[in-house]
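Visitor: My structure is below; once you've seen it, I'll send some questions.
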Amino acid sequence: MNILLTGGAGYIGSHVAITLLEYGHRPVIFDNFVNSTSNVIARIELIVNKTIDCIEGDIRDMPALIKVIKENKIDAVIHLAGLKSVSESNEKPLDYFSVNVGGTISLLQAMKKTGVRHLVFSSSATVYGEPRYLPIDESHPTNPTNVYGETKLQTELILRNLSESDASWKFGCLRYFNPVGAHHSGLIGEAPLGRPNNLMPIIASVAAGERGELKIFGGDYGTKDGTGIRDYVHVMDLARGHLASINYLAKVGSHLVNLGTGMGYSVLEVVGAYQQISCKTIPYSVEKRRSGDVAAVYANTKLAESLLGWRATQNLYEMCATSWAWKSQQSKI
Ligand code: NAD
Ligand code: UD1
């Protein structure tokens with residue numbers, strides 16, 4: 001299939017591109033490089049030993065999307081382009097609604113005009129808000145506590161309304177838990193243009209000696225060691241989830257599923273695993289809790305397994321090992 005991959009130069013998108021190519025699909029990347037660089041394209045090409053199509057553009061530019069869809073005979077879309085910083089979303093709500101919701105509407109209009117009806121959307125576990133029970137299944141109430149989460153939930157609603165209005169639309173909504181790790185080659189990985197806020201890139205940066213210590217946000221949660229628990233999922237497992245979703249759209253239809261491992265690890269467990277893998281000491285201090293954080297979040301993954309036949313296969317050590325391979329390689333550039 002010819003698959004339009006919006007945000008394909010980003011962290012998750014670059015790994016999805018590799019998986020699509022490995023399974024014989026042709027991804028066409030569409031990205032404005034607001035949080036990525038064009039270097040990643042050459043690296044994807046090196047890994048798969050093929051050239052790939054990449055168009056620079058903004059998803060809010062509907063005529064540009066129509067042109068790309070027509071010229072490349074696009075069959076389906078995987079939509080990852082978006083802004084993703086929780087703190088920034090609360091400071092710049094208009095930007096987040098414009099790109100995440102407005103951009104998706106522009107993409108859907110371009111698809112409507114060109115007759116493309118299948119789209120996989122990158123949603124987030126952040127739509128659930130404070131967990132009422134664990135593990136979180138897809139029937140858990142949604143109650144986002146930040147603007148970013150609101151934009152994801154509103155987009156899901158738009159997709160649901162659209163498929164209810166016209167049965168030819170088919171959507172796969174994937175609610176990712178905490179994507180981490182990198183491609184095993186060490187050639188691509190998470191490379192945000194600003195300062196990272198998420199745990200694993202910060203640990204990697206401490207291990208590489210770029211930062212003095214990790215600040216652990218909260219050591220007094222009611223968890224096994226007092227630190228926060230999350231469901232970390234390897235980005236290559238996540239990438240396979242997109243393939244399963246695209247296949248399910250073609251054979252069956254719309255779906256909304258969690259993509260996680262179903263396992264929760266504490267901050268200290270992640271630090272311990274990373275130290276073992278990297279053979280580096282990761283100094284840390286325990287600070288006060290970060291506002292908006294919750295004690296524990298992990299997924300019920302039964303629906304993804306039963307509908308899509310998808311299950312995460314890589315463990316915490318593989319997540320840390322590939323993150324470290326990527327980090328070590330980056331510092332050599
Ligand atoms: P990323 O920032 O690395 O990738 C997003 C890509 O979209 C970037 O390459 C960026 O340049 C591009 N982009 C942004 N605005 C654009 C626009 N207006 N037009 C065209 N391209 C644009 O982020 P990621 O981690 O790869 O996340 C991909 C998607 O998954 C995002 O929608 C994000 O909200 C969602 N998601 C990510 C996580 C996570 O932890 N990484 C968790 C849940 C959901
Ligand atoms: C955050 C976002 C979430 C988003 C996800 C992936 C918030 C409140 N939530 O989730 O919406 O989908 O990233 O992009 O921002 N931690 C530290 N020290 C650090 C960084 C993190 O102790 O320097 C801890 C956190 O308190 C948490 C865990 O590590 O317990 C994971 O944090 P993080 O990687 O930021 O992910 P989430 O908070 O789960």
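Just remember, in the structure tokens the first chain shown is A, the second B, etc., residues are 1-based per chain, and ligands are 1-based in the order shown.
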Please build the interface table for chain A against ligand 1 with a cut-off of 8 Å, listing for each qualifying residue the nearest atom pair and the distance in Å to one decimal; count only C-alpha atoms and all ligand atoms, order rows by chain and increasing number, and write it as a tab-separated table.
Guide:
residue	atom	partner	partner_atom_place_in_ligand_line	distance
A:Thr6	CA	ligand 1	21 (N)	6.2
A:Gly7	CA	ligand 1	7 (O)	3.4
A:Gly8	CA	ligand 1	9 (O)	6.0
A:Ala9	CA	ligand 1	9 (O)	4.4
A:Gly10	CA	ligand 1	9 (O)	3.4
A:Tyr11	CA	ligand 1	26 (O)	3.7
A:Ile12	CA	ligand 1	26 (O)	3.7
A:Gly13	CA	ligand 1	26 (O)	5.4
A:Ser14	CA	ligand 1	26 (O)	7.6
A:Phe30	CA	ligand 1	20 (C)	6.3
A:Asp31	CA	ligand 1	21 (N)	3.7
A:Asn32	CA	ligand 1	21 (N)	4.2
A:Phe33	CA	ligand 1	11 (O)	3.5
A:Val34	CA	ligand 1	11 (O)	3.8
A:Asn35	CA	ligand 1	11 (O)	3.9
A:Ser36	CA	ligand 1	9 (O)	4.4
A:Thr37	CA	ligand 1	9 (O)	7.3
A:Glu56	CA	ligand 1	20 (C)	7.6
A:Gly57	CA	ligand 1	20 (C)	5.7
A:Asp58	CA	ligand 1	19 (N)	3.4
A:Ile59	CA	ligand 1	19 (N)	4.1
A:Arg60	CA	ligand 1	18 (N)	6.1
A:His79	CA	ligand 1	32 (O)	7.3
A:Leu80	CA	ligand 1	29 (C)	4.2
A:Ala81	CA	ligand 1	7 (O)	3.4
A:Gly82	CA	ligand 1	14 (C)	4.2
A:Leu83	CA	ligand 1	14 (C)	5.4
A:Lys84	CA	ligand 1	34 (O)	4.3
A:Ser85	CA	ligand 1	34 (O)	7.9
A:Val99	CA	ligand 1	18 (N)	5.1
A:Asn100	CA	ligand 1	32 (O)	7.4
A:Gly103	CA	ligand 1	18 (N)	6.3
A:Phe121	CA	ligand 1	32 (O)	7.9
A:Ser122	CA	ligand 1	30 (O)	4.8
A:Ser123	CA	ligand 1	44 (C)	5.1
A:Ser124	CA	ligand 1	43 (C)	4.0
A:Ala125	CA	ligand 1	43 (C)	6.6
A:Thr126	CA	ligand 1	43 (C)	7.4
A:Tyr148	CA	ligand 1	34 (O)	7.8
A:Lys152	CA	ligand 1	34 (O)	7.6
A:Arg175	CA	ligand 1	43 (C)	6.7
A:Tyr176	CA	ligand 1	43 (C)	4.8
A:Phe177	CA	ligand 1	42 (C)	6.1
A:Asn178	CA	ligand 1	40 (O)	5.2
A:Pro179	CA	ligand 1	40 (O)	5.0
A:Val180	CA	ligand 1	40 (O)	7.4
A:Glu190	CA	ligand 1	3 (O)	6.7
A:Ala191	CA	ligand 1	3 (O)	7.0
A:Pro192	CA	ligand 1	3 (O)	6.1
A:Asn198	CA	ligand 1	40 (O)	7.8
Visitor: Could you give me, as a tab-separated table, every chain A residue with an atom at most 9 Å from ligand 2, plus its closest atom pair and distance in Å to one decimal, counting only C-alpha atoms and all ligand atoms, rows ordered by chain then number?
Guide:
residue	atom	partner	partner_atom_place_in_ligand_line	distance
A:Lys84	CA	ligand 2	14 (O)	6.6
A:Ser85	CA	ligand 2	14 (O)	7.0
A:Val86	CA	ligand 2	15 (O)	5.1
A:Ser87	CA	ligand 2	15 (O)	6.8
A:Ser123	CA	ligand 2	12 (O)	8.7
A:Ser124	CA	ligand 2	12 (O)	5.5
A:Ala125	CA	ligand 2	12 (O)	6.2
A:Thr126	CA	ligand 2	11 (O)	4.6
A:Val127	CA	ligand 2	11 (O)	8.1
A:Gly129	CA	ligand 2	11 (O)	8.8
A:Pro144	CA	ligand 2	11 (O)	8.9
A:Thr145	CA	ligand 2	8 (C)	8.3
A:Asn146	CA	ligand 2	11 (O)	7.9
A:Tyr148	CA	ligand 2	11 (O)	7.2
A:Gly149	CA	ligand 2	11 (O)	6.6
A:Tyr176	CA	ligand 2	12 (O)	7.4
A:Phe177	CA	ligand 2	12 (O)	6.6
A:Asn178	CA	ligand 2	6 (C)	5.3
A:Pro179	CA	ligand 2	6 (C)	6.8
A:Val180	CA	ligand 2	34 (O)	8.7
A:Pro196	CA	ligand 2	23 (O)	8.6
A:Asn197	CA	ligand 2	35 (O)	5.7
A:Asn198	CA	ligand 2	34 (O)	3.4
A:Leu199	CA	ligand 2	34 (O)	3.8
A:Met200	CA	ligand 2	34 (O)	6.3
A:Pro201	CA	ligand 2	34 (O)	8.2
A:Ile202	CA	ligand 2	23 (O)	6.1
A:Ile203	CA	ligand 2	23 (O)	7.9
A:Leu214	CA	ligand 2	23 (O)	5.9
A:Lys215	CA	ligand 2	18 (N)	5.0
A:Ile216	CA	ligand 2	22 (O)	3.3
A:Phe217	CA	ligand 2	22 (O)	3.9
A:Gly218	CA	ligand 2	26 (O)	6.7
A:Gly219	CA	ligand 2	22 (O)	8.7
A:Thr227	CA	ligand 2	30 (O)	6.5
A:Gly228	CA	ligand 2	30 (O)	3.7
A:Ile229	CA	ligand 2	30 (O)	5.6
A:Arg230	CA	ligand 2	39 (O)	5.8
A:Asp231	CA	ligand 2	39 (O)	8.0
A:Tyr232	CA	ligand 2	31 (C)	8.6
A:Ser266	CA	ligand 2	30 (O)	7.1
A:Val267	CA	ligand 2	29 (O)	5.5
A:Leu268	CA	ligand 2	22 (O)	8.6
A:Val270	CA	ligand 2	29 (O)	8.9
A:Val286	CA	ligand 2	22 (O)	7.9
A:Glu287	CA	ligand 2	22 (O)	8.2
A:Arg289	CA	ligand 2	26 (O)	6.9
A:Arg290	CA	ligand 2	26 (O)	6.0
A:Ser291	CA	ligand 2	8 (C)	7.3
A:Gly292	CA	ligand 2	8 (C)	4.9
A:Asp293	CA	ligand 2	8 (C)	4.9
A:Val294	CA	ligand 2	30 (O)	7.2
A:Ala295	CA	ligand 2	30 (O)	6.9
A:Ala296	CA	ligand 2	30 (O)	7.5
A:Val297	CA	ligand 2	39 (O)	7.4
Visitor: Pick out each residue of range 69-255 of chain A that DSSP on the backbone tags as alpha helix (DSSP H); I need them as a PyMOL selection string.
Guide: chain A and resi 69-71+86-91+93-96+103-114+147-165+199-207+235-251
Visitor: Quick one: write out the picked residues with C-alpha atoms as a PDB file, in the first residue's frame?
Guide:
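Output file again-v5.pdb is given in full below:
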ATOM      1  CA  ILE A  69      -2.315  12.213  -1.926  1.00  0.00           C
ATOM      2  CA  LYS A  70      -3.110  12.398  -5.650  1.00  0.00           C
ATOM      3  CA  GLU A  71       0.478  12.316  -6.913  1.00  0.00           C
ATOM      4  CA  VAL A  86       1.931  18.740  27.999  1.00  0.00           C
ATOM      5  CA  SER A  87       3.388  21.839  29.686  1.00  0.00           C
ATOM      6  CA  GLU A  88       3.615  23.818  26.428  1.00  0.00           C
ATOM      7  CA  SER A  89       0.023  22.872  25.565  1.00  0.00           C
ATOM      8  CA  ASN A  90      -1.231  24.599  28.707  1.00  0.00           C
ATOM      9  CA  GLU A  91       0.773  27.735  27.807  1.00  0.00           C
ATOM     10  CA  PRO A  93      -3.622  26.203  23.799  1.00  0.00           C
ATOM     11  CA  LEU A  94      -4.394  27.896  20.467  1.00  0.00           C
ATOM     12  CA  ASP A  95      -1.273  26.428  18.829  1.00  0.00           C
ATOM     13  CA  TYR A  96      -2.177  22.971  20.107  1.00  0.00           C
ATOM     14  CA  GLY A 103      -4.529  20.008  11.284  1.00  0.00           C
ATOM     15  CA  THR A 104      -6.469  16.761  11.541  1.00  0.00           C
ATOM     16  CA  ILE A 105      -9.596  18.403  10.095  1.00  0.00           C
ATOM     17  CA  SER A 106      -7.512  19.716   7.183  1.00  0.00           C
ATOM     18  CA  LEU A 107      -6.151  16.199   6.608  1.00  0.00           C
ATOM     19  CA  LEU A 108      -9.644  14.656   6.750  1.00  0.00           C
ATOM     20  CA  GLN A 109     -10.917  17.216   4.253  1.00  0.00           C
ATOM     21  CA  ALA A 110      -8.038  16.399   1.907  1.00  0.00           C
ATOM     22  CA  MET A 111      -8.845  12.693   2.295  1.00  0.00           C
ATOM     23  CA  LYS A 112     -12.531  13.347   1.635  1.00  0.00           C
ATOM     24  CA  LYS A 113     -11.759  15.228  -1.567  1.00  0.00           C
ATOM     25  CA  THR A 114      -9.455  12.469  -2.819  1.00  0.00           C
ATOM     26  CA  VAL A 147      -4.797  20.895  26.820  1.00  0.00           C
ATOM     27  CA  TYR A 148      -2.719  18.309  24.940  1.00  0.00           C
ATOM     28  CA  GLY A 149      -5.002  15.533  26.198  1.00  0.00           C
ATOM     29  CA  GLU A 150      -8.079  17.584  25.268  1.00  0.00           C
ATOM     30  CA  THR A 151      -6.834  17.916  21.681  1.00  0.00           C
ATOM     31  CA  LYS A 152      -6.378  14.128  21.448  1.00  0.00           C
ATOM     32  CA  LEU A 153      -9.834  13.436  22.880  1.00  0.00           C
ATOM     33  CA  GLN A 154     -11.504  15.987  20.600  1.00  0.00           C
ATOM     34  CA  THR A 155      -9.786  14.452  17.582  1.00  0.00           C
ATOM     35  CA  GLU A 156     -11.038  10.998  18.601  1.00  0.00           C
ATOM     36  CA  LEU A 157     -14.560  12.450  18.821  1.00  0.00           C
ATOM     37  CA  ILE A 158     -14.296  13.993  15.344  1.00  0.00           C
ATOM     38  CA  LEU A 159     -13.201  10.631  13.942  1.00  0.00           C
ATOM     39  CA  ARG A 160     -16.085   8.844  15.674  1.00  0.00           C
ATOM     40  CA  ASN A 161     -18.653  11.391  14.415  1.00  0.00           C
ATOM     41  CA  LEU A 162     -17.300  11.118  10.903  1.00  0.00           C
ATOM     42  CA  SER A 163     -17.475   7.316  10.822  1.00  0.00           C
ATOM     43  CA  GLU A 164     -21.020   7.467  12.217  1.00  0.00           C
ATOM     44  CA  SER A 165     -22.013   9.907   9.454  1.00  0.00           C
ATOM     45  CA  LEU A 199      12.014  10.154  31.765  1.00  0.00           C
ATOM     46  CA  MET A 200      14.000   7.915  29.401  1.00  0.00           C
ATOM     47  CA  PRO A 201      15.664  10.663  27.294  1.00  0.00           C
ATOM     48  CA  ILE A 202      16.632  12.421  30.530  1.00  0.00           C
ATOM     49  CA  ILE A 203      18.132   9.232  32.002  1.00  0.00           C
ATOM     50  CA  ALA A 204      20.021   8.718  28.716  1.00  0.00           C
ATOM     51  CA  SER A 205      21.372  12.225  28.932  1.00  0.00           C
ATOM     52  CA  VAL A 206      22.550  11.707  32.534  1.00  0.00           C
ATOM     53  CA  ALA A 207      24.174   8.388  31.579  1.00  0.00           C
ATOM     54  CA  VAL A 235       8.817   2.090  19.995  1.00  0.00           C
ATOM     55  CA  MET A 236       9.381  -0.795  17.530  1.00  0.00           C
ATOM     56  CA  ASP A 237       6.549  -2.749  19.184  1.00  0.00           C
ATOM     57  CA  LEU A 238       4.443   0.381  18.853  1.00  0.00           C
ATOM     58  CA  ALA A 239       5.416   0.663  15.174  1.00  0.00           C
ATOM     59  CA  ARG A 240       4.160  -2.904  14.576  1.00  0.00           C
ATOM     60  CA  GLY A 241       0.906  -1.854  16.223  1.00  0.00           C
ATOM     61  CA  HIS A 242       0.367   0.650  13.384  1.00  0.00           C
ATOM     62  CA  LEU A 243       0.845  -2.063  10.816  1.00  0.00           C
ATOM     63  CA  ALA A 244      -1.670  -4.282  12.620  1.00  0.00           C
ATOM     64  CA  SER A 245      -4.088  -1.344  12.744  1.00  0.00           C
ATOM     65  CA  ILE A 246      -3.758  -0.593   9.000  1.00  0.00           C
ATOM     66  CA  ASN A 247      -4.364  -4.273   8.212  1.00  0.00           C
ATOM     67  CA  TYR A 248      -7.388  -4.412  10.509  1.00  0.00           C
ATOM     68  CA  LEU A 249      -8.888  -1.309   8.867  1.00  0.00           C
ATOM     69  CA  ALA A 250      -8.658  -2.960   5.461  1.00  0.00           C
ATOM     70  CA  LYS A 251     -10.059  -6.325   6.581  1.00  0.00           C
TER      71      LYS A 251
END
Visitor: List every residue of range 177-291 of chain A that DSSP, applied to the backbone of this structure, places in strand (DSSP E or B), and write the result as a ChimeraX atom specification.
Guide: /A:178-180,214-217,229-230,232-234,255-259,265-266,284-287
Visitor: Please write the residues from the selection above to a file, keeping N, CA, C and O atoms, as a PDB file, in the first residue's frame.
Guide:
ATOM      1  N   ASN A 178       3.571   4.756  27.301  1.00  0.00           N
ATOM      2  CA  ASN A 178       4.818   5.552  27.298  1.00  0.00           C
ATOM      3  C   ASN A 178       5.836   4.963  26.323  1.00  0.00           C
ATOM      4  O   ASN A 178       6.609   4.075  26.692  1.00  0.00           O
ATOM      5  N   PRO A 179       5.879   5.468  25.089  1.00  0.00           N
ATOM      6  CA  PRO A 179       6.826   4.931  24.100  1.00  0.00           C
ATOM      7  C   PRO A 179       8.270   5.290  24.457  1.00  0.00           C
ATOM      8  O   PRO A 179       8.564   6.455  24.754  1.00  0.00           O
ATOM      9  N   VAL A 180       9.141   4.307  24.437  1.00  0.00           N
ATOM     10  CA  VAL A 180      10.578   4.537  24.725  1.00  0.00           C
ATOM     11  C   VAL A 180      11.413   3.612  23.843  1.00  0.00           C
ATOM     12  O   VAL A 180      10.878   2.783  23.105  1.00  0.00           O
ATOM     13  N   LEU A 214      19.537  12.964  37.611  1.00  0.00           N
ATOM     14  CA  LEU A 214      18.109  12.865  37.317  1.00  0.00           C
ATOM     15  C   LEU A 214      17.363  13.377  38.545  1.00  0.00           C
ATOM     16  O   LEU A 214      17.702  12.998  39.672  1.00  0.00           O
ATOM     17  N   LYS A 215      16.374  14.221  38.316  1.00  0.00           N
ATOM     18  CA  LYS A 215      15.504  14.617  39.428  1.00  0.00           C
ATOM     19  C   LYS A 215      14.285  13.712  39.391  1.00  0.00           C
ATOM     20  O   LYS A 215      13.530  13.732  38.413  1.00  0.00           O
ATOM     21  N   ILE A 216      14.114  12.915  40.420  1.00  0.00           N
ATOM     22  CA  ILE A 216      12.948  12.024  40.472  1.00  0.00           C
ATOM     23  C   ILE A 216      11.799  12.797  41.111  1.00  0.00           C
ATOM     24  O   ILE A 216      11.919  13.304  42.227  1.00  0.00           O
ATOM     25  N   PHE A 217      10.703  12.886  40.344  1.00  0.00           N
ATOM     26  CA  PHE A 217       9.571  13.690  40.814  1.00  0.00           C
ATOM     27  C   PHE A 217       8.682  12.873  41.741  1.00  0.00           C
ATOM     28  O   PHE A 217       7.742  12.226  41.289  1.00  0.00           O
ATOM     29  N   ILE A 229       4.809   4.956  38.660  1.00  0.00           N
ATOM     30  CA  ILE A 229       4.818   3.744  37.821  1.00  0.00           C
ATOM     31  C   ILE A 229       4.141   4.030  36.490  1.00  0.00           C
ATOM     32  O   ILE A 229       3.072   4.624  36.438  1.00  0.00           O
ATOM     33  N   ARG A 230       4.805   3.593  35.393  1.00  0.00           N
ATOM     34  CA  ARG A 230       4.255   3.807  34.056  1.00  0.00           C
ATOM     35  C   ARG A 230       4.416   2.537  33.224  1.00  0.00           C
ATOM     36  O   ARG A 230       5.248   1.681  33.507  1.00  0.00           O
ATOM     37  N   TYR A 232       5.858   1.459  30.076  1.00  0.00           N
ATOM     38  CA  TYR A 232       6.794   1.802  29.000  1.00  0.00           C
ATOM     39  C   TYR A 232       6.687   0.748  27.901  1.00  0.00           C
ATOM     40  O   TYR A 232       6.716  -0.443  28.188  1.00  0.00           O
ATOM     41  N   VAL A 233       6.587   1.225  26.657  1.00  0.00           N
ATOM     42  CA  VAL A 233       6.423   0.294  25.534  1.00  0.00           C
ATOM     43  C   VAL A 233       7.478   0.628  24.477  1.00  0.00           C
ATOM     44  O   VAL A 233       7.711   1.803  24.163  1.00  0.00           O
ATOM     45  N   HIS A 234       8.125  -0.426  23.966  1.00  0.00           N
ATOM     46  CA  HIS A 234       9.198  -0.225  22.992  1.00  0.00           C
ATOM     47  C   HIS A 234       8.637   0.363  21.695  1.00  0.00           C
ATOM     48  O   HIS A 234       7.626  -0.113  21.170  1.00  0.00           O
ATOM     49  N   HIS A 255     -11.536   0.851  14.975  1.00  0.00           N
ATOM     50  CA  HIS A 255     -11.208   0.315  16.308  1.00  0.00           C
ATOM     51  C   HIS A 255     -10.525   1.391  17.135  1.00  0.00           C
ATOM     52  O   HIS A 255      -9.952   2.336  16.586  1.00  0.00           O
ATOM     53  N   LEU A 256     -10.599   1.217  18.450  1.00  0.00           N
ATOM     54  CA  LEU A 256      -9.904   2.127  19.376  1.00  0.00           C
ATOM     55  C   LEU A 256      -9.257   1.231  20.421  1.00  0.00           C
ATOM     56  O   LEU A 256      -9.949   0.498  21.123  1.00  0.00           O
ATOM     57  N   VAL A 257      -7.920   1.249  20.492  1.00  0.00           N
ATOM     58  CA  VAL A 257      -7.235   0.319  21.397  1.00  0.00           C
ATOM     59  C   VAL A 257      -6.069   0.992  22.136  1.00  0.00           C
ATOM     60  O   VAL A 257      -5.459   1.935  21.639  1.00  0.00           O
ATOM     61  N   ASN A 258      -5.781   0.448  23.300  1.00  0.00           N
ATOM     62  CA  ASN A 258      -4.574   0.821  24.039  1.00  0.00           C
ATOM     63  C   ASN A 258      -3.375   0.127  23.414  1.00  0.00           C
ATOM     64  O   ASN A 258      -3.467  -1.056  23.056  1.00  0.00           O
ATOM     65  N   LEU A 259      -2.238   0.829  23.346  1.00  0.00           N
ATOM     66  CA  LEU A 259      -0.982   0.160  22.998  1.00  0.00           C
ATOM     67  C   LEU A 259      -0.007   0.363  24.157  1.00  0.00           C
ATOM     68  O   LEU A 259       0.508   1.463  24.380  1.00  0.00           O
ATOM     69  N   TYR A 265       6.378  -0.153  35.494  1.00  0.00           N
ATOM     70  CA  TYR A 265       7.705  -0.068  36.130  1.00  0.00           C
ATOM     71  C   TYR A 265       7.848   1.276  36.820  1.00  0.00           C
ATOM     72  O   TYR A 265       7.407   2.305  36.297  1.00  0.00           O
ATOM     73  N   SER A 266       8.502   1.266  37.973  1.00  0.00           N
ATOM     74  CA  SER A 266       8.712   2.510  38.721  1.00  0.00           C
ATOM     75  C   SER A 266       9.916   3.257  38.134  1.00  0.00           C
ATOM     76  O   SER A 266      10.736   2.666  37.410  1.00  0.00           O
ATOM     77  N   TYR A 284      20.917  10.517  41.125  1.00  0.00           N
ATOM     78  CA  TYR A 284      19.574  11.113  41.163  1.00  0.00           C
ATOM     79  C   TYR A 284      19.299  11.735  42.521  1.00  0.00           C
ATOM     80  O   TYR A 284      19.956  11.412  43.510  1.00  0.00           O
ATOM     81  N   SER A 285      18.349  12.663  42.521  1.00  0.00           N
ATOM     82  CA  SER A 285      17.857  13.196  43.787  1.00  0.00           C
ATOM     83  C   SER A 285      16.342  13.068  43.742  1.00  0.00           C
ATOM     84  O   SER A 285      15.735  13.132  42.670  1.00  0.00           O
ATOM     85  N   VAL A 286      15.750  12.857  44.903  1.00  0.00           N
ATOM     86  CA  VAL A 286      14.288  12.743  44.946  1.00  0.00           C
ATOM     87  C   VAL A 286      13.721  14.111  45.309  1.00  0.00           C
ATOM     88  O   VAL A 286      14.067  14.686  46.333  1.00  0.00           O
ATOM     89  N   GLU A 287      12.912  14.618  44.410  1.00  0.00           N
ATOM     90  CA  GLU A 287      12.355  15.972  44.569  1.00  0.00           C
ATOM     91  C   GLU A 287      10.862  15.864  44.865  1.00  0.00           C
ATOM     92  O   GLU A 287      10.313  14.777  44.904  1.00  0.00           O
TER      93      GLU A 287
END
Visitor: So that I can see what lies close to Trp324 in chain A, please list as a PyMOL selection string the residues with an atom at most 12 Å from it, counting only C-alpha atoms and leaving out residues fewer than 5 positions away in the same chain.
Guide: chain A and resi 180-190+200-208+273-280+317-319+329-331
Visitor: Keeping only N, CA and C atoms, take the residues you just selected and write them out as a short mmCIF file (atom, residue, chain, number, x, y, z; two decimals), in the first residue's frame.
Guide:
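Generated file (part_6.cif):
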data_model
loop_
_atom_site.label_atom_id
_atom_site.label_comp_id
_atom_site.auth_asym_id
_atom_site.auth_seq_id
_atom_site.Cartn_x
_atom_site.Cartn_y
_atom_site.Cartn_z
N VAL A 180 9.14 4.31 24.44
CA VAL A 180 10.58 4.54 24.72
C VAL A 180 11.41 3.61 23.84
N GLY A 181 12.74 3.74 23.94
CA GLY A 181 13.64 2.88 23.18
C GLY A 181 13.86 3.42 21.79
N ALA A 182 14.52 2.60 20.97
CA ALA A 182 14.92 3.05 19.64
C ALA A 182 15.10 1.83 18.73
N HIS A 183 15.32 2.10 17.45
CA HIS A 183 15.61 1.01 16.52
C HIS A 183 16.93 0.36 16.93
N HIS A 184 17.04 -0.98 16.78
CA HIS A 184 18.22 -1.68 17.30
C HIS A 184 19.52 -1.26 16.62
N SER A 185 19.42 -0.65 15.43
CA SER A 185 20.63 -0.20 14.72
C SER A 185 21.33 0.94 15.48
N GLY A 186 20.59 1.63 16.33
CA GLY A 186 21.16 2.82 17.00
C GLY A 186 21.21 4.03 16.07
N LEU A 187 20.64 3.91 14.86
CA LEU A 187 20.72 5.01 13.90
C LEU A 187 19.60 6.04 14.05
N ILE A 188 18.47 5.59 14.57
CA ILE A 188 17.39 6.56 14.82
C ILE A 188 16.85 6.35 16.23
N GLY A 189 16.24 7.39 16.76
CA GLY A 189 15.70 7.32 18.11
C GLY A 189 15.01 8.62 18.42
N GLU A 190 14.78 8.86 19.71
CA GLU A 190 14.07 10.07 20.09
C GLU A 190 15.05 11.24 20.08
N MET A 200 12.90 8.69 30.02
CA MET A 200 14.00 7.91 29.40
C MET A 200 15.04 8.80 28.70
N PRO A 201 14.63 9.80 27.89
CA PRO A 201 15.66 10.66 27.29
C PRO A 201 16.48 11.41 28.35
N ILE A 202 15.88 11.73 29.47
CA ILE A 202 16.63 12.42 30.53
C ILE A 202 17.63 11.45 31.17
N ILE A 203 17.20 10.23 31.44
CA ILE A 203 18.13 9.23 32.00
C ILE A 203 19.30 9.02 31.03
N ALA A 204 18.97 8.93 29.73
CA ALA A 204 20.02 8.72 28.72
C ALA A 204 21.03 9.86 28.76
N SER A 205 20.50 11.06 28.93
CA SER A 205 21.37 12.23 28.93
C SER A 205 22.26 12.26 30.19
N VAL A 206 21.73 11.79 31.31
CA VAL A 206 22.55 11.71 32.53
C VAL A 206 23.62 10.63 32.34
N ALA A 207 23.21 9.49 31.79
CA ALA A 207 24.17 8.39 31.58
C ALA A 207 25.30 8.83 30.64
N ALA A 208 24.96 9.70 29.68
CA ALA A 208 25.97 10.15 28.71
C ALA A 208 26.83 11.30 29.27
N ALA A 273 17.58 -0.53 35.65
CA ALA A 273 17.77 -1.27 34.39
C ALA A 273 18.75 -0.50 33.49
N TYR A 274 18.61 0.82 33.46
CA TYR A 274 19.48 1.63 32.58
C TYR A 274 20.93 1.58 33.05
N GLN A 275 21.09 1.58 34.37
CA GLN A 275 22.46 1.51 34.92
C GLN A 275 23.12 0.19 34.52
N GLN A 276 22.34 -0.89 34.64
CA GLN A 276 22.87 -2.22 34.32
C GLN A 276 23.28 -2.30 32.85
N ILE A 277 22.41 -1.77 31.98
CA ILE A 277 22.64 -1.85 30.54
C ILE A 277 23.81 -0.97 30.10
N SER A 278 23.88 0.23 30.67
CA SER A 278 24.88 1.20 30.19
C SER A 278 26.21 1.10 30.95
N CYS A 279 26.18 0.36 32.07
CA CYS A 279 27.35 0.29 32.96
C CYS A 279 27.76 1.69 33.41
N LYS A 280 26.79 2.58 33.55
CA LYS A 280 27.05 3.95 34.04
C LYS A 280 26.25 4.14 35.33
N TYR A 317 14.65 -4.12 29.59
CA TYR A 317 16.09 -4.10 29.29
C TYR A 317 16.34 -3.80 27.81
N GLU A 318 15.47 -4.34 26.95
CA GLU A 318 15.61 -4.06 25.51
C GLU A 318 15.30 -2.58 25.22
N MET A 319 14.35 -2.04 25.97
CA MET A 319 14.02 -0.62 25.80
C MET A 319 15.24 0.23 26.18
N GLN A 329 25.54 6.49 20.09
CA GLN A 329 25.82 6.78 18.69
C GLN A 329 25.68 8.27 18.41
N GLN A 330 24.66 8.90 19.02
CA GLN A 330 24.42 10.34 18.83
C GLN A 330 25.59 11.17 19.31
N SER A 331 26.16 10.77 20.46
CA SER A 331 27.23 11.59 21.01
C SER A 331 28.51 11.49 20.19
#
Visitor: Within 9 Å of range 298-312 of chain A, which residues of range 113-170 of chain A show up? Give each one with its shortest atom-to-atom distance in Å (one decimal) and the two atoms involved, counting only C-alpha atoms, rows by chain then rising residue number, as CSV.
Guide:
residue,atom,partner,partner_atom,distance
A:Ala125,CA,A:Ala299,CA,8.5
A:Leu134,CA,A:Tyr298,CA,6.7
A:Pro135,CA,A:Asn300,CA,5.0
A:Ile136,CA,A:Ala299,CA,4.8
A:Asp137,CA,A:Asn300,CA,4.8
A:Glu138,CA,A:Asn300,CA,7.9
Visitor: Take the residues that were just selected and, keeping C-alpha atoms, output them as an mmCIF file, in the first residue's frame.
Guide:
data_model
loop_
_atom_site.group_PDB
_atom_site.id
_atom_site.type_symbol
_atom_site.label_atom_id
_atom_site.label_comp_id
_atom_site.auth_asym_id
_atom_site.auth_seq_id
_atom_site.Cartn_x
_atom_site.Cartn_y
_atom_site.Cartn_z
ATOM 1 C CA ALA A 125 -3.276 7.369 27.313
ATOM 2 C CA LEU A 134 -5.893 -0.256 37.005
ATOM 3 C CA PRO A 135 -5.052 -1.617 34.546
ATOM 4 C CA ILE A 136 -6.797 0.954 32.367
ATOM 5 C CA ASP A 137 -9.004 -0.561 29.679
ATOM 6 C CA GLU A 138 -10.601 1.279 26.774
#
